>>> print(open('model_2.txt').read())   # compact mmCIF, C-alpha atoms
# COMPACT_ATOMS: atom_id res chain seq x y z
CA MET X 23 141.41 211.15 98.93
CA SER X 24 141.76 209.95 95.38
CA VAL X 25 138.68 209.83 93.19
CA LEU X 26 139.80 206.40 92.06
CA SER X 27 140.01 204.86 95.50
CA ASP X 28 137.07 202.65 96.27
CA THR X 29 138.10 200.93 99.45
CA SER X 30 134.70 201.22 101.14
CA SER X 31 133.15 198.43 99.09
CA ARG X 32 136.02 196.01 99.60
CA PRO X 33 135.92 193.37 102.29
CA PHE X 34 139.69 193.55 102.85
CA THR X 35 141.63 196.60 103.91
CA SER X 36 144.83 195.61 102.13
CA GLY X 37 143.49 192.97 99.79
CA PRO X 38 143.38 189.21 100.07
CA ILE X 39 146.62 187.23 100.08
CA PRO X 40 146.10 183.95 98.24
CA VAL X 41 148.65 181.17 98.77
CA LYS X 42 148.59 177.63 97.50
CA ILE X 43 149.81 174.16 98.21
CA VAL X 44 149.61 171.16 95.94
CA VAL X 45 148.25 167.74 96.90
CA ALA X 46 149.73 165.00 94.76
CA GLY X 47 149.89 161.23 94.62
CA GLY X 48 148.66 158.29 92.62
CA PHE X 49 145.19 157.83 91.20
CA GLY X 50 142.56 157.11 93.85
CA VAL X 51 144.86 157.89 96.76
CA GLY X 52 142.39 160.35 98.26
CA LYS X 53 143.57 163.73 97.00
CA THR X 54 140.11 165.24 96.53
CA THR X 55 138.95 163.78 99.85
CA PHE X 56 141.99 165.34 101.52
CA VAL X 57 141.25 168.74 99.98
CA GLY X 58 137.56 168.47 100.89
CA ALA X 59 138.30 167.66 104.53
CA ILE X 60 139.78 171.10 105.19
CA SER X 61 138.18 173.25 102.50
CA ASP X 62 135.52 175.87 103.32
CA ILE X 63 133.80 175.02 100.06
CA LYS X 64 132.94 171.72 98.42
CA PRO X 65 135.94 171.00 96.16
CA LEU X 66 135.53 172.57 92.73
CA THR X 67 136.76 171.15 89.46
CA THR X 68 138.56 173.10 86.80
CA GLU X 69 140.01 172.03 83.50
CA ALA X 70 143.58 172.77 82.59
CA ALA X 71 145.86 171.93 79.71
CA MET X 72 148.91 170.05 80.91
CA THR X 73 151.98 169.16 78.95
CA THR X 74 152.88 165.56 79.62
CA TYR X 75 155.96 163.64 78.70
CA GLY X 76 155.31 159.99 78.00
CA GLU X 77 157.94 157.83 79.60
CA GLY X 78 158.49 154.65 81.55
CA ILE X 79 155.62 152.19 81.34
CA ASP X 80 154.07 153.73 78.28
CA ASN X 81 157.28 154.34 76.41
CA ARG X 82 156.65 153.40 72.82
CA GLY X 83 160.31 153.62 71.94
CA ASP X 84 160.55 157.35 71.36
CA VAL X 85 162.91 159.29 73.56
CA SER X 86 160.44 161.96 74.60
CA THR X 87 156.80 162.15 73.59
CA LYS X 88 155.41 165.54 74.43
CA THR X 89 151.66 165.90 74.34
CA THR X 90 149.19 168.40 75.68
CA THR X 91 146.09 167.01 77.29
CA THR X 92 143.18 168.54 79.08
CA VAL X 93 142.84 167.29 82.60
CA ALA X 94 140.43 167.93 85.42
CA MET X 95 141.82 169.30 88.62
CA ASP X 96 140.02 169.54 91.96
CA PHE X 97 140.74 172.27 94.43
CA GLY X 98 139.48 173.75 97.67
CA ARG X 99 139.84 176.98 99.56
CA VAL X 100 140.32 177.89 103.22
CA ALA X 101 140.00 181.38 104.69
CA VAL X 102 142.94 181.26 107.11
CA ASP X 103 142.54 184.72 108.61
CA ASP X 104 141.13 188.08 107.53
CA ALA X 105 143.48 188.22 104.55
CA ILE X 106 145.22 184.91 103.84
CA VAL X 107 143.30 182.48 101.64
CA LEU X 108 144.85 179.04 101.30
CA TYR X 109 144.13 177.13 98.10
CA LEU X 110 144.76 173.40 97.89
CA PHE X 111 145.09 171.95 94.42
CA GLY X 112 144.84 168.24 93.81
CA THR X 113 146.98 167.19 90.88
CA PRO X 114 145.31 165.28 88.07
CA GLY X 115 145.27 161.54 88.50
CA GLN X 116 147.01 160.39 85.32
CA ASP X 117 150.20 159.60 87.11
CA ARG X 118 151.34 156.78 84.89
CA PHE X 119 153.04 159.49 82.90
CA GLY X 120 155.88 161.68 83.82
CA PHE X 121 154.40 165.13 84.03
CA MET X 122 155.07 168.76 83.78
CA TRP X 123 152.99 170.68 86.24
CA ASN X 124 155.02 173.84 86.05
CA ASP X 125 151.97 176.06 85.78
CA LEU X 126 150.49 174.54 88.88
CA ILE X 127 153.72 174.55 90.88
CA GLN X 128 154.51 178.17 90.02
CA GLY X 129 154.23 180.10 93.27
CA ALA X 130 153.22 177.08 95.36
CA LEU X 131 154.55 176.99 98.91
CA GLY X 132 154.98 173.24 98.76
CA ALA X 133 153.30 169.91 98.27
CA VAL X 134 151.77 167.03 100.18
CA VAL X 135 152.44 163.70 98.45
CA LEU X 136 149.74 161.26 99.48
CA VAL X 137 150.61 157.58 99.56
CA ASP X 138 148.27 154.58 99.60
CA SER X 139 150.18 151.98 101.64
CA ARG X 140 148.73 149.22 99.43
CA ARG X 141 150.12 150.86 96.29
CA ILE X 142 153.19 152.74 97.45
CA GLU X 143 154.82 152.88 94.03
CA ASP X 144 151.93 154.89 92.55
CA SER X 145 153.16 157.97 94.36
CA PHE X 146 156.72 157.74 93.15
CA PRO X 147 156.30 159.99 90.07
CA ALA X 148 154.94 162.83 92.22
CA LEU X 149 157.71 162.40 94.77
CA ASP X 150 160.35 162.35 92.09
CA TYR X 151 158.89 165.47 90.51
CA PHE X 152 159.00 167.60 93.66
CA GLU X 153 162.37 166.25 94.77
CA SER X 154 163.99 167.09 91.44
CA ARG X 155 162.57 170.61 91.47
CA SER X 156 163.47 171.37 95.10
CA VAL X 157 159.82 172.00 95.98
CA PRO X 158 159.32 171.54 99.74
CA PHE X 159 157.11 168.55 100.43
CA VAL X 160 156.01 166.01 102.98
CA VAL X 161 154.91 162.45 102.34
CA ALA X 162 151.62 161.52 103.99
CA VAL X 163 150.52 157.90 104.15
CA ASN X 164 146.74 157.81 103.98
CA ARG X 165 145.29 155.41 106.53
CA PHE X 166 141.84 155.57 104.94
CA GLY X 167 140.57 155.49 108.51
CA GLY X 168 141.80 151.95 108.86
CA GLN X 169 144.86 149.81 108.74
CA MET X 170 148.26 150.49 107.29
CA PHE X 171 149.69 147.84 105.03
CA HIS X 172 153.19 149.21 105.50
CA THR X 173 154.80 151.20 108.26
CA VAL X 174 156.09 154.70 107.76
CA ASP X 175 159.64 153.34 107.80
CA GLU X 176 158.81 150.79 105.12
CA VAL X 177 157.29 153.51 102.96
CA ARG X 178 160.37 155.68 103.45
CA GLU X 179 162.63 152.85 102.45
CA ALA X 180 160.51 151.69 99.52
CA LEU X 181 160.45 155.16 97.99
CA SER X 182 164.02 156.07 99.00
CA ILE X 183 162.78 159.20 100.72
CA SER X 184 165.56 161.46 101.98
CA THR X 185 165.89 161.82 105.72
CA HIS X 186 165.11 165.55 105.57
CA VAL X 187 161.63 164.84 104.12
CA PRO X 188 159.02 164.13 106.82
CA VAL X 189 156.89 161.02 106.36
CA VAL X 190 153.67 161.22 108.36
CA THR X 191 150.43 159.29 108.52
CA THR X 192 147.13 160.97 107.81
CA ASP X 193 143.46 160.29 107.30
CA ALA X 194 142.25 162.13 104.22
CA ARG X 195 138.70 162.04 105.54
CA GLY X 196 139.52 163.71 108.83
CA ARG X 197 139.74 167.46 109.23
CA VAL X 198 142.11 167.29 112.19
CA ALA X 199 144.46 164.80 110.51
CA VAL X 200 144.50 166.85 107.31
CA LYS X 201 145.17 170.03 109.26
CA GLU X 202 148.12 168.36 111.01
CA THR X 203 149.50 167.19 107.66
CA VAL X 204 149.25 170.70 106.21
CA LEU X 205 150.99 172.04 109.32
CA SER X 206 153.82 169.51 108.91
CA LEU X 207 154.32 170.81 105.37
CA LEU X 208 154.20 174.44 106.48
CA ASP X 209 156.84 173.67 109.11
CA VAL X 210 159.16 172.41 106.36
CA VAL X 211 158.42 175.58 104.38
CA LEU X 212 159.16 177.76 107.41
CA GLN X 213 162.41 175.97 108.30
CA ARG X 214 163.59 176.42 104.74
CA ALA X 215 162.68 180.11 104.73
CA LEU X 216 164.46 180.64 108.06
CA ALA X 217 167.58 178.84 106.86
CA LYS X 218 167.62 180.94 103.73
CA ALA X 219 167.14 184.18 105.68
CA LYS X 220 170.05 183.25 107.93
CA SER X 221 172.39 182.51 105.05
CA ASN X 222 171.68 185.85 103.37
CA MET O 3 154.94 190.85 104.59
CA THR O 4 154.23 190.56 100.93
CA GLY O 5 150.86 190.53 99.31
CA GLY O 6 148.78 193.06 97.54
CA ARG O 7 148.67 193.89 93.91
CA ALA O 8 150.19 191.73 91.26
CA HIS O 9 151.92 193.25 88.29
CA ALA O 10 149.45 195.09 86.08
CA ARG O 11 149.90 192.79 83.15
CA GLY O 12 151.42 189.40 83.21
CA VAL O 13 150.68 185.82 84.00
CA LEU O 14 147.92 185.25 86.51
CA GLU O 15 148.44 182.22 88.72
CA PHE O 16 145.68 179.69 89.38
CA GLU O 17 145.22 181.17 92.86
CA THR O 18 145.48 184.84 91.85
CA MET O 19 142.39 186.56 93.23
CA LEU O 20 140.47 189.09 91.20
CA GLN O 21 137.98 191.75 92.03
CA GLY O 22 136.06 194.14 89.80
CA THR O 23 136.98 197.81 90.03
CA ALA O 24 134.63 200.79 89.81
CA GLY O 25 135.70 201.12 86.18
CA GLY O 26 134.84 197.48 85.58
CA ARG O 27 131.40 198.00 87.07
CA GLU O 28 130.76 200.92 84.74
CA ALA O 29 131.94 199.02 81.68
CA LEU O 30 129.99 195.87 82.52
CA THR O 31 126.90 196.52 80.39
CA ALA O 32 129.05 197.06 77.30
CA LEU O 33 130.92 193.78 77.71
CA LYS O 34 130.03 190.34 76.45
CA PHE O 35 130.71 186.67 77.01
CA GLU O 36 133.61 185.70 79.24
CA ARG O 37 134.66 189.27 79.88
CA ALA O 38 131.25 190.19 81.25
CA GLU O 39 130.88 186.97 83.20
CA ILE O 40 134.25 187.30 84.92
CA LEU O 41 133.44 190.84 85.97
CA ARG O 42 129.99 189.86 87.18
CA LEU O 43 131.27 186.96 89.26
CA CYS O 44 133.94 188.93 91.08
CA GLN O 45 132.10 192.19 91.51
CA THR O 46 131.24 191.68 95.17
CA ASP O 47 133.86 189.30 96.54
CA PRO O 48 137.27 188.48 95.14
CA LEU O 49 137.53 185.13 93.40
CA SER O 50 140.56 183.20 92.19
CA VAL O 51 141.28 182.37 88.57
CA ALA O 52 140.63 178.71 89.40
CA GLU O 53 137.24 179.47 90.97
CA LEU O 54 136.20 181.54 87.97
CA SER O 55 137.20 178.68 85.68
CA ALA O 56 135.19 176.18 87.72
CA ARG O 57 132.09 178.36 88.01
CA MET O 58 132.10 179.35 84.34
CA HIS O 59 132.95 175.84 83.08
CA VAL O 60 135.71 177.39 81.01
CA PRO O 61 139.28 176.01 80.89
CA ILE O 62 141.61 177.79 83.28
CA GLY O 63 143.89 178.91 80.44
CA VAL O 64 141.06 180.90 78.88
CA VAL O 65 140.23 182.62 82.16
CA ARG O 66 143.90 183.49 82.68
CA VAL O 67 144.14 185.24 79.33
CA VAL O 68 140.81 187.08 79.45
CA ALA O 69 141.26 188.14 83.07
CA ALA O 70 144.81 189.37 82.41
CA ASP O 71 143.39 191.66 79.73
CA LEU O 72 140.74 192.97 82.12
CA VAL O 73 143.45 193.65 84.70
CA SER O 74 145.55 195.58 82.19
CA GLU O 75 142.46 197.58 81.18
CA GLY O 76 141.85 198.52 84.81
CA MET O 77 138.54 196.70 85.10
CA LEU O 78 139.86 194.08 87.48
CA GLU O 79 142.23 194.35 90.38
CA SER O 80 144.44 191.33 91.02
CA PHE O 81 145.91 190.03 94.25
CA GLN O 82 148.70 187.53 94.61
CA PRO O 83 151.72 187.20 96.86
CA SER O 84 155.13 188.12 95.55
CA ALA O 85 157.08 185.55 93.55
CA ASN O 86 159.28 184.70 96.53
CA VAL O 87 156.40 183.94 98.90
CA ALA O 88 158.20 180.77 100.05
CA ASP O 89 160.93 182.99 101.57
CA ASP O 90 158.50 185.22 103.42
CA VAL O 91 159.01 184.19 107.05
CA LEU O 92 156.38 186.60 108.38
CA LEU O 93 153.69 185.43 106.00
CA ILE O 94 154.44 181.75 106.58
CA THR O 95 154.41 182.25 110.35
CA ARG O 96 151.05 183.97 110.09
CA LEU O 97 149.75 181.19 107.84
CA ILE O 98 150.83 178.53 110.35
CA ALA O 99 149.11 180.38 113.22
CA GLY O 100 145.96 180.66 111.13
CA VAL O 101 145.86 177.01 110.09
CA ARG O 102 146.53 175.90 113.66
CA SER O 103 143.49 177.80 114.89
CA LEU O 104 141.15 176.52 112.18
>>> encode(input="model_2.txt", output="structure tokens")
Amino acid sequence: MSVLSDTSSRPFTSGPIPVKIVVAGGFGVGKTTFVGAISDIKPLTTEAAMTTYGEGIDNRGDVSTKTTTTVAMDFGRVAVDDAIVLYLFGTPGQDRFGFMWNDLIQGALGAVVLVDSRRIEDSFPALDYFESRSVPFVVAVNRFGGQMFHTVDEVREALSISTHVPVVTTDARGRVAVKETVLSLLDVVLQRALAKAKSN
Amino acid sequence: MTGGRAHARGVLEFETMLQGTAGGREALTALKFERAEILRLCQTDPLSVAELSARMHVPIGVVRVVAADLVSEGMLESFQPSANVADDVLLITRLIAGVRSL
């Protein structure tokens, strides 16, 4: 036995396996609530520098305005089994800008794009981001425990969501609904991995 | 199944988990500021870069850099899945089973 080995004091025999998914969507859509509904811990907040590209609404005439801003990001953590730890990161809320979340997306299994059916268009930047980067994602319309202002089909049509992307309803406040939404994302991730394994 | 140690020196992801080594424990009294605090916080249980950032009230970028140094100096051990985790059918299957039984 190596002098350097110190496995006795470690809680895991082969080490923890952290994985992450990203929860995105417009400001106030319920990202932190969603994360908190499934997290073992009360969502924590961390600060990160993000490079943003001003465009669209706030375009002041320049082709590309690149700025670095510090944004707060909420996240939660779920012990899935004796080794796998699932982290859920809510993306910062400043979604009026186009954004570069490459640091956050690096290594992510996929994303849940939350939609408020009263403000569908707010979630378009997030959707566009993941679609253009081939990140697996599902669109989840948050019911807020109450009524839907648009049906799932209307949301799909309004946001021109491809047929291969699942659109589901969820309740960001409910543990079971959030769990089901995460599972619908993981199914997309699994199908993609299986398809890739088959083609190799 | 992937998992286990990340590359000794390199970029730590937000979710990369860190745990103090025996060497880190020995060096602790000689360290200061963020270096000491990181080692103290993940001495008993592994913590992610993001959790360290939140608990220390220090931007995540700072934790990434300081922790990466501690990893390369052998004071911290790091855990993250391989870069192609999204292709790992076994891991994803296990993750789905785990989430389903939450």
>>> closest_residue(input="model_2.txt", among="X:Asp62, X:Glu179, X:Glu202, X:Glu143", to="Tyr109 of chain X", atoms="all atoms listed in the file")
X:Asp62
>>> closest_residue(input="model_2.txt", among="O:Leu92, O:Ala85, O:Leu33, O:Ala38", to="chain X", atoms="all atoms listed in the file")
O:Ala85
>>> closest_atom_pairs(input="model_2.txt", of="chain X", to="chain O", cutoff="8 Å", atoms="all atoms listed in the file", output="CSV")
residue,atom,partner,partner_atom,distance
X:Leu26,CA,O:Ala24,CA,8.0
X:Asp28,CA,O:Ala24,CA,7.2
X:Arg32,CA,O:Asp47,CA,7.7
X:Pro33,CA,O:Asp47,CA,7.3
X:Ser36,CA,O:Gly6,CA,6.6
X:Gly37,CA,O:Gly6,CA,5.7
X:Pro38,CA,O:Phe81,CA,6.4
X:Ile39,CA,O:Gly5,CA,5.4
X:Pro40,CA,O:Gln82,CA,5.7
X:Val41,CA,O:Glu17,CA,6.8
X:Lys42,CA,O:Glu17,CA,6.7
X:Leu66,CA,O:Ala56,CA,6.2
X:Thr67,CA,O:Ala56,CA,5.5
X:Thr68,CA,O:Ala56,CA,4.7
X:Glu69,CA,O:Pro61,CA,4.8
X:Ala70,CA,O:Ile62,CA,5.4
X:Ala71,CA,O:Gly63,CA,7.3
X:Val102,CA,O:Gly100,CA,5.1
X:Asp103,CA,O:Gly100,CA,5.9
X:Ile106,CA,O:Leu97,CA,7.1
X:Tyr109,CA,O:Glu17,CA,6.7
X:Asp125,CA,O:Glu15,CA,7.7
X:Leu126,CA,O:Phe16,CA,7.1
X:Gln128,CA,O:Glu15,CA,7.4
X:Gly129,CA,O:Ala85,CA,6.2
X:Ala130,CA,O:Ala88,CA,7.8
X:Leu131,CA,O:Ala88,CA,5.4
X:Lys201,CA,O:Val101,CA,7.1
X:Leu205,CA,O:Ile98,CA,6.6
X:Leu208,CA,O:Ile98,CA,6.6
X:Asp209,CA,O:Ile98,CA,7.8
X:Val211,CA,O:Ala88,CA,6.8
X:Leu212,CA,O:Ile94,CA,6.2
X:Arg214,CA,O:Asp89,CA,7.8
X:Ala215,CA,O:Asp89,CA,4.6
X:Leu216,CA,O:Val91,CA,6.6
X:Lys218,CA,O:Asp89,CA,7.3
X:Ala219,CA,O:Asp89,CA,7.5
>>> atom_distance(input="model_2.txt", atom1="atom CA of Val65 of chain O", atom2="atom CA of Phe111 of chain X")
17.0 Å
>>> atom_distance(input="model_2.txt", atom1="atom CA of Val73 of chain O", atom2="atom CA of Cys44 of chain O")
12.4 Å
>>> atom_distance(input="model_2.txt", atom1="atom CA of Met170 of chain X", atom2="atom CA of Arg140 of chain X")
8.0 Å
>>> closest_residue(input="model_2.txt", among="X:Val134, X:Ile63, X:Val157, X:Leu110", to="Ser206 of chain X", atoms="all atoms listed in the file")
X:Val134
>>> axis_aligned_box(input="model_2.txt", around="segment 101-116 of chain X", padding_each_side="3 Å", output="lines of an AutoDock Vina configuration file")
center_x = 143.5
center_y = 174.3
center_z = 97.0
size_x = 13.0
size_y = 33.8
size_z = 29.3
>>> residues_around(input="model_2.txt", residues="Val137 of chain X", least_positions_apart="5", cutoff="9 Å", atoms="all atoms listed in the file", output="ChimeraX atom specification")
/X:46-48,51-52,142-146,161-164,177
>>> closest_residue(input="model_2.txt", among="X:Val57, X:Ala180, X:Ala217, X:Met95", to="Ala194 of chain X", atoms="only C-alpha atoms")
X:Val57
>>> residues_near_point(input="model_2.txt", point="(138.3, 163.4, 96.6)", cutoff="10 Å", atoms="only C-alpha atoms", output="list in words")
Gly50, Val51, Gly52, Lys53, Thr54, Thr55, Phe56, Val57, Gly58, Ala59, Pro65, Asp96, Phe97, Gly112, Ala194 and Arg195 of chain X
>>> build_atoms(input="model_2.txt", residues="segment 60-92 of chain O", atoms="N, CA and C atoms", output="short mmCIF file (atom, residue, chain, number, x, y, z; two decimals), in the frame of the given file")
data_model
loop_
_atom_site.label_atom_id
_atom_site.label_comp_id
_atom_site.auth_asym_id
_atom_site.auth_seq_id
_atom_site.Cartn_x
_atom_site.Cartn_y
_atom_site.Cartn_z
N VAL O 60 134.80 176.96 82.08
CA VAL O 60 135.71 177.39 81.01
C VAL O 60 137.12 176.97 81.43
N PRO O 61 137.92 176.42 80.50
CA PRO O 61 139.28 176.01 80.89
C PRO O 61 140.07 177.16 81.54
N ILE O 62 140.89 176.79 82.48
CA ILE O 62 141.61 177.79 83.28
C ILE O 62 142.50 178.69 82.41
N GLY O 63 143.03 178.12 81.33
CA GLY O 63 143.89 178.91 80.44
C GLY O 63 143.14 180.07 79.80
N VAL O 64 141.88 179.84 79.48
CA VAL O 64 141.06 180.90 78.88
C VAL O 64 140.82 182.02 79.89
N VAL O 65 140.49 181.62 81.12
CA VAL O 65 140.23 182.62 82.16
C VAL O 65 141.49 183.45 82.42
N ARG O 66 142.63 182.77 82.43
CA ARG O 66 143.90 183.49 82.68
C ARG O 66 144.13 184.60 81.66
N VAL O 67 143.88 184.27 80.40
CA VAL O 67 144.14 185.24 79.33
C VAL O 67 143.13 186.39 79.37
N VAL O 68 141.85 186.04 79.47
CA VAL O 68 140.81 187.08 79.45
C VAL O 68 140.92 187.98 80.68
N ALA O 69 141.16 187.35 81.84
CA ALA O 69 141.26 188.14 83.07
C ALA O 69 142.49 189.04 83.05
N ALA O 70 143.59 188.55 82.48
CA ALA O 70 144.81 189.37 82.41
C ALA O 70 144.54 190.64 81.59
N ASP O 71 143.76 190.49 80.53
CA ASP O 71 143.39 191.66 79.73
C ASP O 71 142.56 192.65 80.56
N LEU O 72 141.60 192.11 81.30
CA LEU O 72 140.74 192.97 82.12
C LEU O 72 141.55 193.70 83.19
N VAL O 73 142.57 193.02 83.71
CA VAL O 73 143.45 193.65 84.70
C VAL O 73 144.21 194.80 84.04
N SER O 74 144.76 194.53 82.85
CA SER O 74 145.55 195.58 82.19
C SER O 74 144.67 196.75 81.74
N GLU O 75 143.39 196.50 81.56
CA GLU O 75 142.46 197.58 81.18
C GLU O 75 141.88 198.29 82.40
N GLY O 76 142.30 197.85 83.58
CA GLY O 76 141.85 198.52 84.81
C GLY O 76 140.46 198.14 85.27
N MET O 77 139.90 197.09 84.69
CA MET O 77 138.54 196.70 85.10
C MET O 77 138.56 195.69 86.25
N LEU O 78 139.69 195.03 86.40
CA LEU O 78 139.86 194.08 87.48
C LEU O 78 141.11 194.45 88.26
N GLU O 79 141.04 194.21 89.56
CA GLU O 79 142.23 194.35 90.38
C GLU O 79 142.67 192.94 90.74
N SER O 80 143.97 192.68 90.72
CA SER O 80 144.44 191.33 91.02
C SER O 80 145.27 191.31 92.28
N PHE O 81 145.18 190.21 92.99
CA PHE O 81 145.91 190.03 94.25
C PHE O 81 146.65 188.70 94.23
N GLN O 82 147.94 188.75 94.43
CA GLN O 82 148.70 187.53 94.61
C GLN O 82 149.96 187.86 95.38
N PRO O 83 150.51 186.89 96.12
CA PRO O 83 151.72 187.20 96.86
C PRO O 83 152.89 187.39 95.89
N SER O 84 153.97 187.93 96.40
CA SER O 84 155.13 188.12 95.55
C SER O 84 155.69 186.76 95.11
N ALA O 85 156.54 186.79 94.11
CA ALA O 85 157.08 185.55 93.55
C ALA O 85 157.86 184.74 94.59
N ASN O 86 158.47 185.43 95.55
CA ASN O 86 159.28 184.70 96.53
C ASN O 86 158.52 184.49 97.85
N VAL O 87 157.26 184.16 97.72
CA VAL O 87 156.40 183.94 98.90
C VAL O 87 156.98 182.87 99.82
N ALA O 88 157.66 181.87 99.24
CA ALA O 88 158.20 180.77 100.05
C ALA O 88 159.34 181.25 100.96
N ASP O 89 159.87 182.45 100.71
CA ASP O 89 160.93 182.99 101.57
C ASP O 89 160.39 183.96 102.61
N ASP O 90 159.11 184.20 102.58
CA ASP O 90 158.50 185.22 103.42
C ASP O 90 158.17 184.66 104.80
N VAL O 91 159.14 184.78 105.71
CA VAL O 91 159.01 184.19 107.05
C VAL O 91 157.77 184.72 107.78
N LEU O 92 157.53 186.02 107.68
CA LEU O 92 156.38 186.60 108.38
C LEU O 92 155.06 186.03 107.89
#
